[in-house]
Amino acid sequence: MPRIVRLLILALIAAPATLLAAPSDPAGTPEPPSLRGQFLIATPAMRDPRFDRAVILMVRHDRDGALGIVINRPLGEKPLADILAAFGKKEDTAAAGNVPVFLGGPVQPQVSFVIHGSDYRRPGTLGIDARLAATPSGEVFDDIARNQGPAKSLITFGYAGWAPGQLEGELSRNVWYTAPADPELVFDDDRDKVWEHAAGRRTQDL
C-alpha cells in the first residue's frame, strides 16, 4: 500500500497535523509537480477496465505517491441509517431517507470518503483546494443526518492509489488527461456526462 494511503487512513485516528506534515527527505529529492485539486480523466489509451472513462478527483499527490477518488461511478442509493450502522453508530431518528453512493476506486472499498465543499470542516478533513475538501471519518454522516453537514457532498467508498512515481509513469504513457477540478462537475453534473464535460476542459492532450 503506498505510504500516502497509509497516512490518509491514519487520519481517521490521528491529528490532521500528522497527516499534513512534510515527509522527511534526507536525499533532498525535489517535490514533483502536484496534481492535487486536478481531475485525472481516463483517455482512450486506458486499458484498465476499472478506470474506463473514469474521472478522478486528486486528493493528494507528492513524492510519497498519490490518492484520488473517482466521481462518476454511481452505485445507487443506500439508506443513510445503514451507512451509520456500518460505522457502528446508534440509530439516529434523523437518519431518514436514502443517499446516493459512489465507487471511489478499487482500493479498500470499505473505506469511505465524503467529498464536500470548503464550507464544512471537522478533525480529519483533508483540504483539496480552496473550494473542495474530503472527510474520511464516520462522524460526517452524523452531521449529514442532523442537517449539520456540508451543503453539497458526494459519498464514496474506495479510492485509487499510486505508489511513488507510478502516476508519473502512467501520465507518460498518455493514459490520463488532466483538467482543473470543478465543483459543478463533482456535485451537480449528470454522471453520464461527467467524463465528456471533464475531457472537454483537459489541459493535457495526447
# chains A, B, ... in the order shown; residues from 1 in each chain; ligands from 1
$ residues_around --residues "Ala179 in chain A" --least-positions-apart "2" --cutoff "8 Å" --atoms "only C-alpha atoms" --output "list in words"
Gln38, Phe39, Leu40, Ile41, Tyr177, Ala181, Ala198, Ala199, Arg201, Arg202, Thr203 and Gln204 of chain A
$ residues_around --residues "Arg60 in chain A" --least-positions-apart "6" --cutoff "9 Å" --atoms "only C-alpha atoms" --output "PyMOL selection string"
chain A and resi 4+34-37+66-68+128
$ write_last_selection --atoms "N, CA and C atoms" --output "compact mmCIF listing (two decimals), in the first residue's frame"
# COMPACT_ATOMS: atom_id res chain seq x y z
N ILE A 4 1.45 7.21 1.14
CA ILE A 4 0.47 8.31 1.26
C ILE A 4 -0.90 7.77 1.63
N SER A 34 2.53 18.80 -8.24
CA SER A 34 1.40 18.10 -7.65
C SER A 34 0.15 18.28 -8.50
N LEU A 35 -0.62 17.19 -8.60
CA LEU A 35 -1.91 17.22 -9.28
C LEU A 35 -3.06 17.33 -8.29
N ARG A 36 -2.77 17.61 -7.02
CA ARG A 36 -3.85 17.80 -6.05
C ARG A 36 -4.76 18.93 -6.52
N GLY A 37 -6.07 18.68 -6.44
CA GLY A 37 -7.03 19.67 -6.90
C GLY A 37 -7.26 19.65 -8.40
N ALA A 66 0.26 9.03 -4.60
CA ALA A 66 -0.92 9.83 -4.92
C ALA A 66 -2.18 9.08 -4.50
N LEU A 67 -3.22 9.84 -4.24
CA LEU A 67 -4.53 9.29 -3.91
C LEU A 67 -5.60 10.15 -4.57
N GLY A 68 -6.56 9.48 -5.20
CA GLY A 68 -7.67 10.18 -5.82
C GLY A 68 -8.96 9.41 -5.64
N ILE A 128 -8.50 19.98 -0.26
CA ILE A 128 -8.05 19.64 -1.62
C ILE A 128 -7.62 20.91 -2.34
$ atom_distance --atom1 "CA of Gly149 in chain A" --atom2 "CA of Val194 in chain A"
24.5 Å
$ closest_residue --among "A:Asn72, A:Ser118, A:Ser172, A:Ser137" --to "Leu185 in chain A" --atoms "only C-alpha atoms"
A:Asn72
$ select_by_dssp --residues "range 74-163 of chain A" --states "helix (DSSP H, G or I)" --output "list in words"
Leu80, Ala81, Asp82, Ile83, Leu84, Ala85, Ala86, Glu139, Val140, Phe141, Asp142, Asp143, Ile144 and Ala145 of chain A
$ write_last_selection --atoms "C-alpha atoms" --output "PDB file, in the first residue's frame"
ATOM      1  CA  LEU A  80     -28.403   6.717   5.493  1.00  0.00           C
ATOM      2  CA  ALA A  81     -29.276   4.689   8.582  1.00  0.00           C
ATOM      3  CA  ASP A  82     -27.453   1.676   7.103  1.00  0.00           C
ATOM      4  CA  ILE A  83     -24.321   3.759   6.500  1.00  0.00           C
ATOM      5  CA  LEU A  84     -24.396   4.993  10.086  1.00  0.00           C
ATOM      6  CA  ALA A  85     -24.825   1.419  11.314  1.00  0.00           C
ATOM      7  CA  ALA A  86     -21.812   0.310   9.241  1.00  0.00           C
ATOM      8  CA  GLU A 139     -18.753  11.487  12.044  1.00  0.00           C
ATOM      9  CA  VAL A 140     -19.566  13.363   8.848  1.00  0.00           C
ATOM     10  CA  PHE A 141     -22.562  11.058   8.394  1.00  0.00           C
ATOM     11  CA  ASP A 142     -23.877  12.040  11.840  1.00  0.00           C
ATOM     12  CA  ASP A 143     -23.716  15.655  10.730  1.00  0.00           C
ATOM     13  CA  ILE A 144     -25.438  14.884   7.424  1.00  0.00           C
ATOM     14  CA  ALA A 145     -28.231  13.046   9.259  1.00  0.00           C
TER      15      ALA A 145
END
$ atom_distance --atom1 "CA of Thr125 in chain A" --atom2 "CA of Ala42 in chain A"
26.9 Å
$ residues_around --residues "range 163-167 of chain A" --least-positions-apart "3" --cutoff "6 Å" --atoms "only C-alpha atoms" --output "ChimeraX atom specification"
/A:2,63-65,170
$ write_last_selection --atoms "N, CA and C atoms" --output "short mmCIF file (atom, residue, chain, number, x, y, z; two decimals), in the first residue's frame"
data_model
loop_
_atom_site.label_atom_id
_atom_site.label_comp_id
_atom_site.auth_asym_id
_atom_site.auth_seq_id
_atom_site.Cartn_x
_atom_site.Cartn_y
_atom_site.Cartn_z
N PRO A 2 0.67 2.21 -0.90
CA PRO A 2 1.50 3.40 -0.92
C PRO A 2 1.50 4.12 0.41
N ARG A 63 5.77 13.23 -3.32
CA ARG A 63 6.82 12.26 -3.55
C ARG A 63 6.50 10.89 -2.95
N ASP A 64 5.52 10.84 -2.02
CA ASP A 64 5.14 9.57 -1.40
C ASP A 64 4.10 8.80 -2.20
N GLY A 65 3.60 9.38 -3.27
CA GLY A 65 2.58 8.72 -4.08
C GLY A 65 1.39 9.64 -4.31
N GLU A 170 2.29 6.55 -15.62
CA GLU A 170 1.05 6.43 -16.37
C GLU A 170 0.80 7.68 -17.22
#
$ select_by_dssp --residues "range 102-146 of chain A" --states "strand (DSSP E or B)" --output "VMD selection string"
chain A and resid 102 to 103 107 to 117 126 to 127 132 to 135
$ write_last_selection --atoms "N, CA and C atoms" --output "JSON list (two decimals), in the first residue's frame"
[["chain", "number", "residue", "atom", "x", "y", "z"],
["A", 102, "PHE", "N", -21.18, 6.27, -4.29],
["A", 102, "PHE", "CA", -20.34, 6.09, -5.46],
["A", 102, "PHE", "C", -19.15, 5.19, -5.13],
["A", 103, "LEU", "N", -18.67, 4.50, -6.14],
["A", 103, "LEU", "CA", -17.45, 3.72, -6.02],
["A", 103, "LEU", "C", -16.28, 4.65, -6.28],
["A", 107, "VAL", "N", -9.48, 0.34, -4.50],
["A", 107, "VAL", "CA", -8.71, 0.05, -3.30],
["A", 107, "VAL", "C", -9.58, 0.24, -2.05],
["A", 108, "GLN", "N", -9.57, -0.76, -1.18],
["A", 108, "GLN", "CA", -10.27, -0.72, 0.11],
["A", 108, "GLN", "C", -11.69, -0.14, 0.01],
["A", 109, "PRO", "N", -12.59, -0.86, -0.63],
["A", 109, "PRO", "CA", -13.95, -0.34, -0.80],
["A", 109, "PRO", "C", -14.71, -0.18, 0.50],
["A", 110, "GLN", "N", -14.16, -0.65, 1.62],
["A", 110, "GLN", "CA", -14.82, -0.43, 2.91],
["A", 110, "GLN", "C", -14.47, 0.94, 3.49],
["A", 111, "VAL", "N", -13.52, 1.64, 2.90],
["A", 111, "VAL", "CA", -13.12, 2.96, 3.39],
["A", 111, "VAL", "C", -13.96, 4.02, 2.69],
["A", 112, "SER", "N", -14.55, 4.90, 3.48],
["A", 112, "SER", "CA", -15.43, 5.93, 2.93],
["A", 112, "SER", "C", -14.76, 7.29, 2.96],
["A", 113, "PHE", "N", -14.95, 8.04, 1.87],
["A", 113, "PHE", "CA", -14.59, 9.45, 1.81],
["A", 113, "PHE", "C", -15.85, 10.23, 1.42],
["A", 114, "VAL", "N", -16.09, 11.31, 2.10],
["A", 114, "VAL", "CA", -17.15, 12.23, 1.69],
["A", 114, "VAL", "C", -16.47, 13.46, 1.11],
["A", 115, "ILE", "N", -16.67, 13.69, -0.20],
["A", 115, "ILE", "CA", -16.17, 14.90, -0.83],
["A", 115, "ILE", "C", -17.20, 16.00, -0.61],
["A", 116, "HIS", "N", -16.74, 17.18, -0.29],
["A", 116, "HIS", "CA", -17.67, 18.28, 0.01],
["A", 116, "HIS", "C", -16.98, 19.61, -0.24],
["A", 117, "GLY", "N", -17.76, 20.66, -0.09],
["A", 117, "GLY", "CA", -17.22, 22.00, -0.26],
["A", 117, "GLY", "C", -16.44, 22.45, 0.96],
["A", 126, "LEU", "N", -9.60, 16.76, 4.94],
["A", 126, "LEU", "CA", -8.43, 16.99, 4.08],
["A", 126, "LEU", "C", -8.77, 18.07, 3.07],
["A", 127, "GLY", "N", -8.08, 19.18, 3.13],
["A", 127, "GLY", "CA", -8.28, 20.22, 2.14],
["A", 127, "GLY", "C", -7.72, 19.80, 0.80],
["A", 132, "LEU", "N", -12.81, 22.70, -2.43],
["A", 132, "LEU", "CA", -13.14, 21.30, -2.23],
["A", 132, "LEU", "C", -12.34, 20.70, -1.08],
["A", 133, "ALA", "N", -12.95, 19.76, -0.38],
["A", 133, "ALA", "CA", -12.29, 19.04, 0.70],
["A", 133, "ALA", "C", -12.89, 17.63, 0.75],
["A", 134, "ALA", "N", -12.25, 16.77, 1.54],
["A", 134, "ALA", "CA", -12.75, 15.40, 1.72],
["A", 134, "ALA", "C", -12.59, 15.01, 3.18],
["A", 135, "THR", "N", -13.59, 14.33, 3.71],
["A", 135, "THR", "CA", -13.55, 13.90, 5.10],
["A", 135, "THR", "C", -13.67, 12.38, 5.16]]
